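A.B. asks: Input file: my_file_13.cif. Contents: mmCIF, C-alpha atoms.
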data_entry
loop_
_atom_site.label_atom_id
_atom_site.label_comp_id
_atom_site.auth_asym_id
_atom_site.auth_seq_id
_atom_site.Cartn_x
_atom_site.Cartn_y
_atom_site.Cartn_z
CA MET A 8 -88.66 307.97 -78.23
CA LYS A 9 -88.01 310.38 -75.42
CA PRO A 10 -87.55 308.47 -72.17
CA ASP A 11 -89.08 310.14 -69.17
CA GLU A 12 -87.25 310.95 -65.96
CA GLY A 13 -85.50 308.02 -64.40
CA SER A 14 -85.43 306.14 -67.66
CA LEU A 15 -81.97 304.81 -66.85
CA THR A 16 -83.55 302.76 -64.11
CA ARG A 17 -85.46 300.73 -66.65
CA GLU A 18 -82.98 300.39 -69.48
CA ALA A 19 -80.57 297.53 -69.74
CA ALA A 20 -77.13 298.71 -70.82
CA PRO A 21 -77.28 297.52 -74.44
CA GLU A 22 -80.63 299.25 -74.83
CA ARG A 23 -79.30 302.37 -73.16
CA ASP A 24 -76.28 302.45 -75.46
CA GLN A 25 -78.51 301.90 -78.49
CA ILE A 26 -80.74 304.79 -77.49
CA ASP A 27 -77.70 307.02 -76.93
CA ALA A 28 -76.28 306.04 -80.31
CA LEU A 29 -79.61 306.69 -82.00
CA LEU A 30 -79.86 310.07 -80.33
CA LEU A 31 -76.37 310.92 -81.55
CA THR A 32 -77.36 309.92 -85.08
CA ARG A 33 -80.29 312.32 -84.87
CA VAL A 34 -78.00 315.01 -83.45
CA ALA A 35 -75.77 314.56 -86.50
CA ASP A 36 -78.83 315.46 -88.60
CA GLY A 37 -79.20 318.67 -86.62
CA ASN A 38 -82.04 317.50 -84.38
CA ARG A 39 -82.08 319.80 -81.36
CA GLU A 40 -84.63 317.76 -79.42
CA ALA A 41 -82.30 314.78 -79.59
CA PHE A 42 -79.45 316.99 -78.42
CA ALA A 43 -81.52 318.17 -75.45
CA GLU A 44 -82.37 314.58 -74.60
CA LEU A 45 -78.73 313.60 -74.75
CA TYR A 46 -77.94 316.48 -72.40
CA ASP A 47 -80.54 315.23 -69.93
CA ARG A 48 -79.12 311.73 -70.04
CA PHE A 49 -75.43 312.63 -69.73
CA SER A 50 -75.17 315.92 -67.87
CA ALA A 51 -75.12 314.71 -64.25
CA PRO A 52 -72.21 312.26 -64.55
CA LEU A 53 -70.33 314.58 -66.90
CA TYR A 54 -70.73 317.58 -64.63
CA GLY A 55 -69.87 315.51 -61.57
CA ALA A 56 -66.70 314.20 -63.18
CA ALA A 57 -65.68 317.70 -64.28
CA MET A 58 -66.31 319.04 -60.78
CA GLN A 59 -64.30 316.27 -59.20
CA ILE A 60 -61.34 316.89 -61.50
CA LEU A 61 -61.43 320.69 -61.48
CA ARG A 62 -62.90 321.51 -58.04
CA ASP A 63 -64.34 324.67 -59.57
CA ALA A 64 -67.99 325.02 -60.59
CA ALA A 65 -67.46 327.70 -63.24
CA GLU A 66 -64.66 325.77 -64.93
CA ALA A 67 -66.64 322.54 -64.72
CA GLN A 68 -69.59 324.21 -66.44
CA ASP A 69 -67.29 325.57 -69.18
CA VAL A 70 -65.84 322.13 -69.77
CA VAL A 71 -69.22 320.42 -69.89
CA GLN A 72 -70.60 323.04 -72.27
CA ASP A 73 -67.58 322.70 -74.54
CA ALA A 74 -67.88 318.90 -74.54
CA PHE A 75 -71.57 319.03 -75.44
CA LEU A 76 -70.87 321.46 -78.27
CA THR A 77 -68.24 319.07 -79.55
CA LEU A 78 -70.84 316.29 -79.47
CA TRP A 79 -73.18 318.59 -81.39
CA GLU A 80 -70.60 319.48 -84.02
CA LYS A 81 -68.95 316.07 -84.41
CA ALA A 82 -71.85 313.68 -83.88
CA ALA A 83 -71.46 312.43 -87.43
CA THR A 84 -68.01 311.09 -86.61
CA PHE A 85 -69.32 308.79 -83.88
CA GLU A 86 -68.64 305.09 -84.47
CA SER A 87 -70.45 302.79 -82.07
CA SER A 88 -68.00 299.99 -82.87
CA ARG A 89 -65.32 301.99 -81.04
CA GLY A 90 -67.27 302.50 -77.85
CA SER A 91 -70.46 303.95 -76.44
CA ALA A 92 -71.64 307.51 -76.88
CA PHE A 93 -71.43 307.95 -73.13
CA SER A 94 -67.83 306.79 -73.06
CA TRP A 95 -67.02 309.29 -75.81
CA ALA A 96 -68.69 312.09 -73.88
CA VAL A 97 -66.80 311.20 -70.70
CA THR A 98 -63.54 311.20 -72.65
CA LEU A 99 -64.29 314.67 -74.03
CA VAL A 100 -65.00 316.07 -70.58
CA ARG A 101 -62.14 314.32 -68.86
CA ASN A 102 -59.54 315.36 -71.45
CA ARG A 103 -60.65 318.98 -71.29
CA ALA A 104 -60.72 319.02 -67.50
CA ILE A 105 -57.33 317.35 -67.16
CA ASP A 106 -55.83 319.78 -69.69
CA ARG A 107 -56.99 322.63 -67.47
CA VAL A 108 -55.62 320.98 -64.33
CA ARG A 109 -52.24 320.46 -66.00
CA MET A 110 -52.23 324.05 -67.21
CA ARG A 111 -52.82 325.23 -63.65
CA ARG A 112 -50.06 322.96 -62.46
CA ARG A 113 -47.61 324.28 -65.02
CA ARG A 114 -48.44 327.80 -63.92
CA SER A 115 -48.05 327.11 -60.24
CA GLU A 116 -45.35 324.45 -60.51
CA LEU A 117 -46.77 323.17 -57.27
CA LEU A 118 -48.11 319.71 -57.86
CA ALA A 119 -49.79 319.45 -54.50
CA ASP A 120 -51.92 322.53 -55.17
CA SER A 121 -53.81 320.98 -58.02
CA VAL A 122 -54.30 317.34 -57.12
CA PRO A 123 -57.11 316.16 -54.89
CA GLU A 124 -56.03 316.58 -51.30
CA ASP A 125 -58.80 314.56 -49.79
CA LEU A 126 -57.93 311.11 -50.96
CA GLY A 127 -60.83 308.89 -50.13
CA TYR A 128 -63.32 311.13 -51.89
CA LEU A 129 -64.83 308.12 -53.56
CA ALA A 130 -65.16 306.28 -50.28
CA GLY A 131 -66.88 309.27 -48.71
CA ARG A 132 -69.14 309.64 -51.71
CA LEU A 133 -69.99 305.95 -51.62
CA GLN A 134 -70.91 306.09 -47.95
CA ALA A 135 -72.83 309.35 -48.02
CA GLY A 136 -74.38 309.31 -51.46
CA GLY A 137 -77.29 306.99 -50.93
CA ASP A 138 -80.05 309.55 -51.30
CA GLU A 139 -78.25 311.30 -54.10
CA SER A 140 -77.71 308.12 -56.11
CA ALA A 141 -81.38 307.31 -55.72
CA THR A 142 -82.24 310.42 -57.71
CA LEU A 143 -79.67 309.56 -60.36
CA GLY A 144 -81.02 306.11 -61.07
CA ASP A 145 -79.86 302.53 -61.12
CA GLU A 146 -76.75 303.27 -63.12
CA ALA A 147 -75.21 305.45 -60.43
CA ARG A 148 -76.25 302.99 -57.71
CA ALA A 149 -74.76 300.04 -59.57
CA VAL A 150 -71.45 301.77 -60.28
CA ARG A 151 -71.16 303.08 -56.74
CA ALA A 152 -71.82 299.62 -55.34
CA ALA A 153 -69.24 298.09 -57.67
CA VAL A 154 -66.61 300.65 -56.67
CA ALA A 155 -67.48 300.29 -52.99
CA ALA A 156 -66.77 296.57 -53.27
CA LEU A 157 -63.18 297.22 -54.32
CA PRO A 158 -60.42 297.18 -51.70
CA PRO A 159 -59.70 300.75 -50.49
CA GLU A 160 -56.24 300.83 -52.02
CA GLN A 161 -57.69 299.97 -55.44
CA GLN A 162 -60.38 302.63 -55.01
CA ARG A 163 -57.72 305.24 -54.24
CA ALA A 164 -55.54 304.23 -57.18
CA LEU A 165 -58.50 304.43 -59.58
CA GLU A 166 -59.63 307.72 -58.06
CA LEU A 167 -56.29 309.35 -58.74
CA ALA A 168 -56.01 307.71 -62.15
CA PHE A 169 -59.43 308.86 -63.32
CA PHE A 170 -60.03 312.13 -61.49
CA GLY A 171 -56.54 313.24 -60.52
CA GLY A 172 -55.09 314.16 -63.90
CA LEU A 173 -51.82 312.60 -62.77
CA THR A 174 -49.29 310.45 -64.59
CA GLN A 175 -48.50 306.94 -63.34
CA GLU A 176 -45.35 308.26 -61.65
CA GLU A 177 -47.23 311.13 -60.00
CA ILE A 178 -49.83 308.72 -58.64
CA ALA A 179 -47.05 306.58 -57.18
CA ARG A 180 -45.47 309.63 -55.54
CA LYS A 181 -48.81 310.80 -54.21
CA LEU A 182 -49.53 307.40 -52.69
CA ARG A 183 -45.90 306.88 -51.62
CA GLU A 184 -45.94 303.46 -53.22
CA PRO A 185 -43.68 301.83 -55.82
CA LEU A 186 -44.79 302.39 -59.40
CA GLY A 187 -45.28 298.65 -59.91
CA THR A 188 -47.63 298.49 -56.94
CA VAL A 189 -49.69 301.35 -58.30
CA LYS A 190 -49.94 299.76 -61.73
CA ALA A 191 -51.04 296.49 -60.18
CA ARG A 192 -53.72 298.22 -58.10
CA ILE A 193 -55.04 300.05 -61.13
CA ARG A 194 -55.09 296.81 -63.13
CA ARG A 195 -56.84 294.78 -60.45
CA GLY A 196 -59.31 297.54 -59.67
CA LEU A 197 -60.31 298.31 -63.24
CA MET A 198 -60.47 294.64 -64.28
CA ARG A 199 -62.69 293.90 -61.29
CA LEU A 200 -64.88 296.90 -62.02
CA ARG A 201 -65.22 295.72 -65.62
CA ASP A 202 -66.28 292.28 -64.40
CA SER A 203 -68.72 293.70 -61.84
CA LEU A 204 -70.39 295.90 -64.44
CA ALA A 205 -70.22 293.33 -67.25
CA ASP A 206 -73.98 293.16 -67.68
CA ARG A 207 -74.21 296.94 -67.77
CA LEU A 208 -71.39 297.83 -70.16
CA MET B 240 -54.75 284.72 -73.95
CA ILE B 241 -53.87 288.10 -72.51
CA ASP B 242 -51.17 288.08 -69.85
CA GLU B 243 -50.91 290.41 -66.85
CA ARG B 244 -48.59 292.77 -68.69
CA GLY B 245 -51.14 293.07 -71.48
CA GLU B 246 -53.93 293.65 -68.97
CA GLU B 247 -51.86 296.28 -67.20
CA MET B 248 -51.14 298.18 -70.40
CA ALA B 249 -54.79 297.89 -71.45
CA CYS B 250 -55.91 299.38 -68.13
CA LEU B 251 -53.44 302.25 -68.38
CA ARG B 252 -54.47 302.83 -71.99
CA ALA B 253 -58.14 302.91 -71.03
CA LEU B 254 -57.37 305.54 -68.39
CA GLY B 255 -55.17 307.59 -70.70
CA LEU B 256 -52.10 306.92 -68.57
CA LEU B 257 -49.74 305.43 -71.13
CA ASP B 258 -46.79 307.63 -72.00
CA GLU B 259 -45.81 308.22 -75.63
CA GLN B 260 -43.34 305.37 -75.81
CA SER B 261 -45.72 302.87 -74.22
CA THR B 262 -48.54 304.04 -76.47
CA GLY B 263 -46.43 303.14 -79.50
CA GLU B 264 -45.56 299.77 -78.02
CA PHE B 265 -49.18 299.11 -77.19
CA ALA B 266 -50.30 299.96 -80.72
CA ARG B 267 -47.97 297.27 -82.01
CA ILE B 268 -49.28 294.55 -79.70
CA ALA B 269 -52.95 295.56 -79.92
CA PRO B 270 -53.83 295.86 -83.62
CA PRO B 271 -57.44 296.55 -84.62
CA GLY B 272 -59.71 293.62 -83.83
CA SER B 273 -57.23 291.97 -81.49
CA PRO B 274 -58.33 290.63 -78.09
CA LEU B 275 -56.24 293.31 -76.44
CA GLU B 276 -57.98 296.08 -78.35
CA ASN B 277 -61.34 294.59 -77.40
CA LEU B 278 -60.22 294.55 -73.77
CA VAL B 279 -59.29 298.23 -73.96
CA ARG B 280 -62.76 299.03 -75.29
CA ASP B 281 -64.41 297.15 -72.39
CA LEU B 282 -62.11 298.76 -69.84
CA SER B 283 -62.74 302.20 -71.34
CA GLU B 284 -66.46 301.68 -70.74
CA ALA B 285 -65.75 300.60 -67.15
CA ALA B 286 -63.54 303.65 -66.63
CA ALA B 287 -66.17 305.97 -68.09
CA ALA B 288 -68.70 304.51 -65.66
CA LEU B 289 -66.61 305.99 -62.83
CA ALA B 290 -68.19 309.32 -63.77
CA PHE B 291 -71.40 308.02 -62.19
CA VAL B 292 -69.66 307.88 -58.81
CA ALA B 293 -69.23 311.64 -58.95
CA ALA B 294 -72.56 312.34 -60.69
CA VAL B 295 -74.33 315.45 -59.52
CA PRO B 296 -77.01 317.46 -61.32
CA PRO B 297 -75.52 320.59 -62.92
CA PRO B 298 -76.97 324.05 -62.34
CA GLN B 299 -80.30 324.47 -64.11
CA ASP B 300 -79.10 327.33 -66.29
CA LEU B 301 -76.32 325.25 -67.83
CA ARG B 302 -78.87 323.30 -69.86
CA GLN B 303 -80.21 326.44 -71.49
CA ARG B 304 -76.71 327.76 -72.11
CA VAL B 305 -75.68 324.56 -73.85
CA LEU B 306 -78.83 324.34 -75.96
CA SER B 307 -78.64 328.03 -76.88
CA ALA B 308 -74.99 327.74 -77.88
CA ALA B 309 -75.83 324.82 -80.16
CA ALA B 310 -78.81 326.68 -81.61
CA THR B 311 -76.76 329.75 -82.46
CA GLY B 312 -73.86 327.74 -83.79
CA SER B 313 -73.53 325.99 -87.07
CA ARG B 314 -75.23 322.74 -87.96
CA PRO B 315 -73.35 319.60 -87.00
CA ARG B 316 -70.55 318.75 -89.38
CA GLN B 317 -71.54 315.97 -91.72
CA SER B 318 -68.07 314.80 -92.70
CA PRO B 319 -65.59 313.37 -90.22
CA PRO B 320 -62.60 315.58 -89.51
CA ASP B 321 -59.11 314.24 -89.91
CA GLY B 322 -57.58 312.32 -87.07
CA PRO B 323 -58.94 310.01 -84.43
CA ARG B 324 -62.44 310.40 -83.15
CA ARG B 325 -61.32 310.86 -79.58
#
Starting from the file, give its structure as structure tokens.

C.D. replies:
Amino acid sequence: MKPDEGSLTREAAPERDQIDALLLTRVADGNREAFAELYDRFSAPLYGAAMQILRDAAEAQDVVQDAFLTLWEKAATFESSRGSAFSWAVTLVRNRAIDRVRMRRRRSELLADSVPEDLGYLAGRLQAGGDESATLGDEARAVRAAVAALPPEQQRALELAFFGGLTQEEIARKLREPLGTVKARIRRGLMRLRDSLADRL
Amino acid sequence: MIDERGEEMACLRALGLLDEQSTGEFARIAPPGSPLENLVRDLSEAAAALAFVAAVPPPQDLRQRVLSAAATGSRPRQSPPDGPRR
């Protein structure tokens, strides 16, 4: 059952999701090997997302650990009809990371201090991450290629929407664009990403 | 047929960007099993995939910390808690 390293490169998405769901079922029964396997499958994207949102390695590790312990404790509540195990895990990490970012922001009351300053992070990552994505498997390569194919303004809108921890209005202010324009960019970008990854989701 | 407004709300919902009022409105127009709810599920998967763009291996010791914390904690809960799953 345990896929070896690089297993994501050989699994079609439905099979990958089925394996993740099966692992989560075994985790719900208290199976620690399944939990370790789930960690190996999810930890790189979860940690990367937490790092991108928080910009702090210690906090990112705390968030990832907390999310995995939630998966461990609440695995029995997982319903595959509502989404994939991976999507659930990402939601756990993202919510925790964004909560921390917003807490920082409330403390500082300086919005600019806690939002990503280097807009275009995704673009830089997409250009420079070739070797890195090779070690992470086909999934990372496919998603990075799909995002790279989006117009830059849609990439930036999605970047702030997913990693920025900002509201719609804050994204519009950050981009100095009308709210309607921002919403349209998010819609076009995410719909196109969904279509590009259709055979993988 | 889902119009642009529906798509827009579905995208914002998938990214957790709907405010409280819009969330209530969306719940009314996207009941369980509706095309709009299905769209949100698909878009949520696409949004989650964005994590792969930032993917980076975590420090080696995090794995042991996570596994140890689970080992010393209680067994997974067998009954769902109240409230939504996520």

A.B. asks: Could you please select, counting only C-alpha atoms, the residues of chain B within 9 Å of chain A and state them as a VMD selection string?

C.D. replies: chain B and resid 243 246 to 251 254 to 258 280 to 298 301 to 302 304 to 306 308 to 310 312 to 320 324 to 325

A.B. asks: Quick check, in Å to one decimal: how far apart do atom CA of A:Leu167 and atom CA of A:Asp106 lie?

C.D. replies: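 If I compute the distance from atom CA of A:Leu167 to atom CA of A:Asp106, I get 15.1 Å.
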
A.B. asks: Please measure the separation of atom CA of A:Thr32 and atom CA of A:Ala104, giving the value in Å to one decimal.

C.D. replies: 25.9 Å

A.B. asks: Measure the distance from atom CA of B:Ala266 to atom CA of B:Met240 in Å and round it to one decimal.

C.D. replies: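 Separation of atom CA of B:Ala266 and atom CA of B:Met240: 17.3 Å.
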
A.B. asks: Using only the atoms of stretch 254-259 of chain B listed in the file, plus 4 Å on each side, state the axis-aligned box centre and edge lengths in Å rounded to one decimal, as lines of an AutoDock Vina configuration file.

C.D. replies:
center_x = -51.6
center_y = 306.8
center_z = -72.0
size_x = 19.6
size_y = 10.8
size_z = 15.2

A.B. asks: Mind rebuilding stretch 142-168 of chain A with N, CA and C atoms and writing that out as a PDB file, keeping the file's coordinate frame?

C.D. replies:
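The resulting file, part.pdb, is shown below:
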ATOM      1  N   THR A 142     -81.668 309.491 -56.731  1.00  0.00           N
ATOM      2  CA  THR A 142     -82.240 310.420 -57.710  1.00  0.00           C
ATOM      3  C   THR A 142     -81.569 310.273 -59.063  1.00  0.00           C
ATOM      4  N   LEU A 143     -80.400 309.682 -59.107  1.00  0.00           N
ATOM      5  CA  LEU A 143     -79.670 309.560 -60.360  1.00  0.00           C
ATOM      6  C   LEU A 143     -79.935 308.245 -61.060  1.00  0.00           C
ATOM      7  N   GLY A 144     -80.613 307.335 -60.405  1.00  0.00           N
ATOM      8  CA  GLY A 144     -81.020 306.110 -61.070  1.00  0.00           C
ATOM      9  C   GLY A 144     -80.141 304.915 -60.772  1.00  0.00           C
ATOM     10  N   ASP A 145     -80.536 303.804 -61.369  1.00  0.00           N
ATOM     11  CA  ASP A 145     -79.860 302.530 -61.120  1.00  0.00           C
ATOM     12  C   ASP A 145     -78.401 302.536 -61.547  1.00  0.00           C
ATOM     13  N   GLU A 146     -78.109 303.296 -62.598  1.00  0.00           N
ATOM     14  CA  GLU A 146     -76.750 303.270 -63.120  1.00  0.00           C
ATOM     15  C   GLU A 146     -75.771 303.762 -62.061  1.00  0.00           C
ATOM     16  N   ALA A 147     -76.088 304.907 -61.454  1.00  0.00           N
ATOM     17  CA  ALA A 147     -75.210 305.450 -60.430  1.00  0.00           C
ATOM     18  C   ALA A 147     -75.117 304.495 -59.242  1.00  0.00           C
ATOM     19  N   ARG A 148     -76.264 303.927 -58.842  1.00  0.00           N
ATOM     20  CA  ARG A 148     -76.250 302.990 -57.710  1.00  0.00           C
ATOM     21  C   ARG A 148     -75.382 301.777 -58.000  1.00  0.00           C
ATOM     22  N   ALA A 149     -75.516 301.239 -59.211  1.00  0.00           N
ATOM     23  CA  ALA A 149     -74.760 300.040 -59.570  1.00  0.00           C
ATOM     24  C   ALA A 149     -73.262 300.319 -59.604  1.00  0.00           C
ATOM     25  N   VAL A 150     -72.885 301.454 -60.186  1.00  0.00           N
ATOM     26  CA  VAL A 150     -71.450 301.770 -60.280  1.00  0.00           C
ATOM     27  C   VAL A 150     -70.886 302.049 -58.897  1.00  0.00           C
ATOM     28  N   ARG A 151     -71.645 302.784 -58.091  1.00  0.00           N
ATOM     29  CA  ARG A 151     -71.160 303.080 -56.740  1.00  0.00           C
ATOM     30  C   ARG A 151     -71.014 301.809 -55.910  1.00  0.00           C
ATOM     31  N   ALA A 152     -71.926 300.895 -56.078  1.00  0.00           N
ATOM     32  CA  ALA A 152     -71.820 299.620 -55.340  1.00  0.00           C
ATOM     33  C   ALA A 152     -70.614 298.825 -55.822  1.00  0.00           C
ATOM     34  N   ALA A 153     -70.379 298.836 -57.125  1.00  0.00           N
ATOM     35  CA  ALA A 153     -69.240 298.090 -57.670  1.00  0.00           C
ATOM     36  C   ALA A 153     -67.924 298.691 -57.183  1.00  0.00           C
ATOM     37  N   VAL A 154     -67.840 300.010 -57.143  1.00  0.00           N
ATOM     38  CA  VAL A 154     -66.610 300.650 -56.670  1.00  0.00           C
ATOM     39  C   VAL A 154     -66.446 300.432 -55.168  1.00  0.00           C
ATOM     40  N   ALA A 155     -67.550 300.484 -54.437  1.00  0.00           N
ATOM     41  CA  ALA A 155     -67.480 300.290 -52.990  1.00  0.00           C
ATOM     42  C   ALA A 155     -66.984 298.890 -52.626  1.00  0.00           C
ATOM     43  N   ALA A 156     -67.193 297.945 -53.535  1.00  0.00           N
ATOM     44  CA  ALA A 156     -66.770 296.570 -53.270  1.00  0.00           C
ATOM     45  C   ALA A 156     -65.273 296.362 -53.497  1.00  0.00           C
ATOM     46  N   LEU A 157     -64.624 297.346 -54.090  1.00  0.00           N
ATOM     47  CA  LEU A 157     -63.180 297.220 -54.320  1.00  0.00           C
ATOM     48  C   LEU A 157     -62.424 297.472 -53.019  1.00  0.00           C
ATOM     49  N   PRO A 158     -61.260 296.852 -52.867  1.00  0.00           N
ATOM     50  CA  PRO A 158     -60.420 297.180 -51.700  1.00  0.00           C
ATOM     51  C   PRO A 158     -60.068 298.669 -51.728  1.00  0.00           C
ATOM     52  N   PRO A 159     -59.960 299.300 -50.546  1.00  0.00           N
ATOM     53  CA  PRO A 159     -59.700 300.750 -50.490  1.00  0.00           C
ATOM     54  C   PRO A 159     -58.498 301.194 -51.302  1.00  0.00           C
ATOM     55  N   GLU A 160     -57.439 300.388 -51.291  1.00  0.00           N
ATOM     56  CA  GLU A 160     -56.240 300.830 -52.020  1.00  0.00           C
ATOM     57  C   GLU A 160     -56.476 300.835 -53.528  1.00  0.00           C
ATOM     58  N   GLN A 161     -57.359 299.956 -54.011  1.00  0.00           N
ATOM     59  CA  GLN A 161     -57.690 299.970 -55.440  1.00  0.00           C
ATOM     60  C   GLN A 161     -58.615 301.155 -55.748  1.00  0.00           C
ATOM     61  N   GLN A 162     -59.534 301.450 -54.838  1.00  0.00           N
ATOM     62  CA  GLN A 162     -60.380 302.630 -55.010  1.00  0.00           C
ATOM     63  C   GLN A 162     -59.535 303.893 -55.138  1.00  0.00           C
ATOM     64  N   ARG A 163     -58.541 304.018 -54.248  1.00  0.00           N
ATOM     65  CA  ARG A 163     -57.720 305.240 -54.240  1.00  0.00           C
ATOM     66  C   ARG A 163     -56.884 305.350 -55.515  1.00  0.00           C
ATOM     67  N   ALA A 164     -56.352 304.208 -55.953  1.00  0.00           N
ATOM     68  CA  ALA A 164     -55.540 304.230 -57.180  1.00  0.00           C
ATOM     69  C   ALA A 164     -56.405 304.633 -58.382  1.00  0.00           C
ATOM     70  N   LEU A 165     -57.615 304.082 -58.465  1.00  0.00           N
ATOM     71  CA  LEU A 165     -58.500 304.430 -59.580  1.00  0.00           C
ATOM     72  C   LEU A 165     -58.973 305.873 -59.480  1.00  0.00           C
ATOM     73  N   GLU A 166     -59.191 306.330 -58.262  1.00  0.00           N
ATOM     74  CA  GLU A 166     -59.630 307.720 -58.060  1.00  0.00           C
ATOM     75  C   GLU A 166     -58.599 308.688 -58.625  1.00  0.00           C
ATOM     76  N   LEU A 167     -57.335 308.457 -58.256  1.00  0.00           N
ATOM     77  CA  LEU A 167     -56.290 309.350 -58.740  1.00  0.00           C
ATOM     78  C   LEU A 167     -56.071 309.181 -60.246  1.00  0.00           C
ATOM     79  N   ALA A 168     -56.220 307.951 -60.723  1.00  0.00           N
ATOM     80  CA  ALA A 168     -56.010 307.710 -62.150  1.00  0.00           C
ATOM     81  C   ALA A 168     -57.090 308.371 -62.993  1.00  0.00           C
TER      82      ALA A 168
END
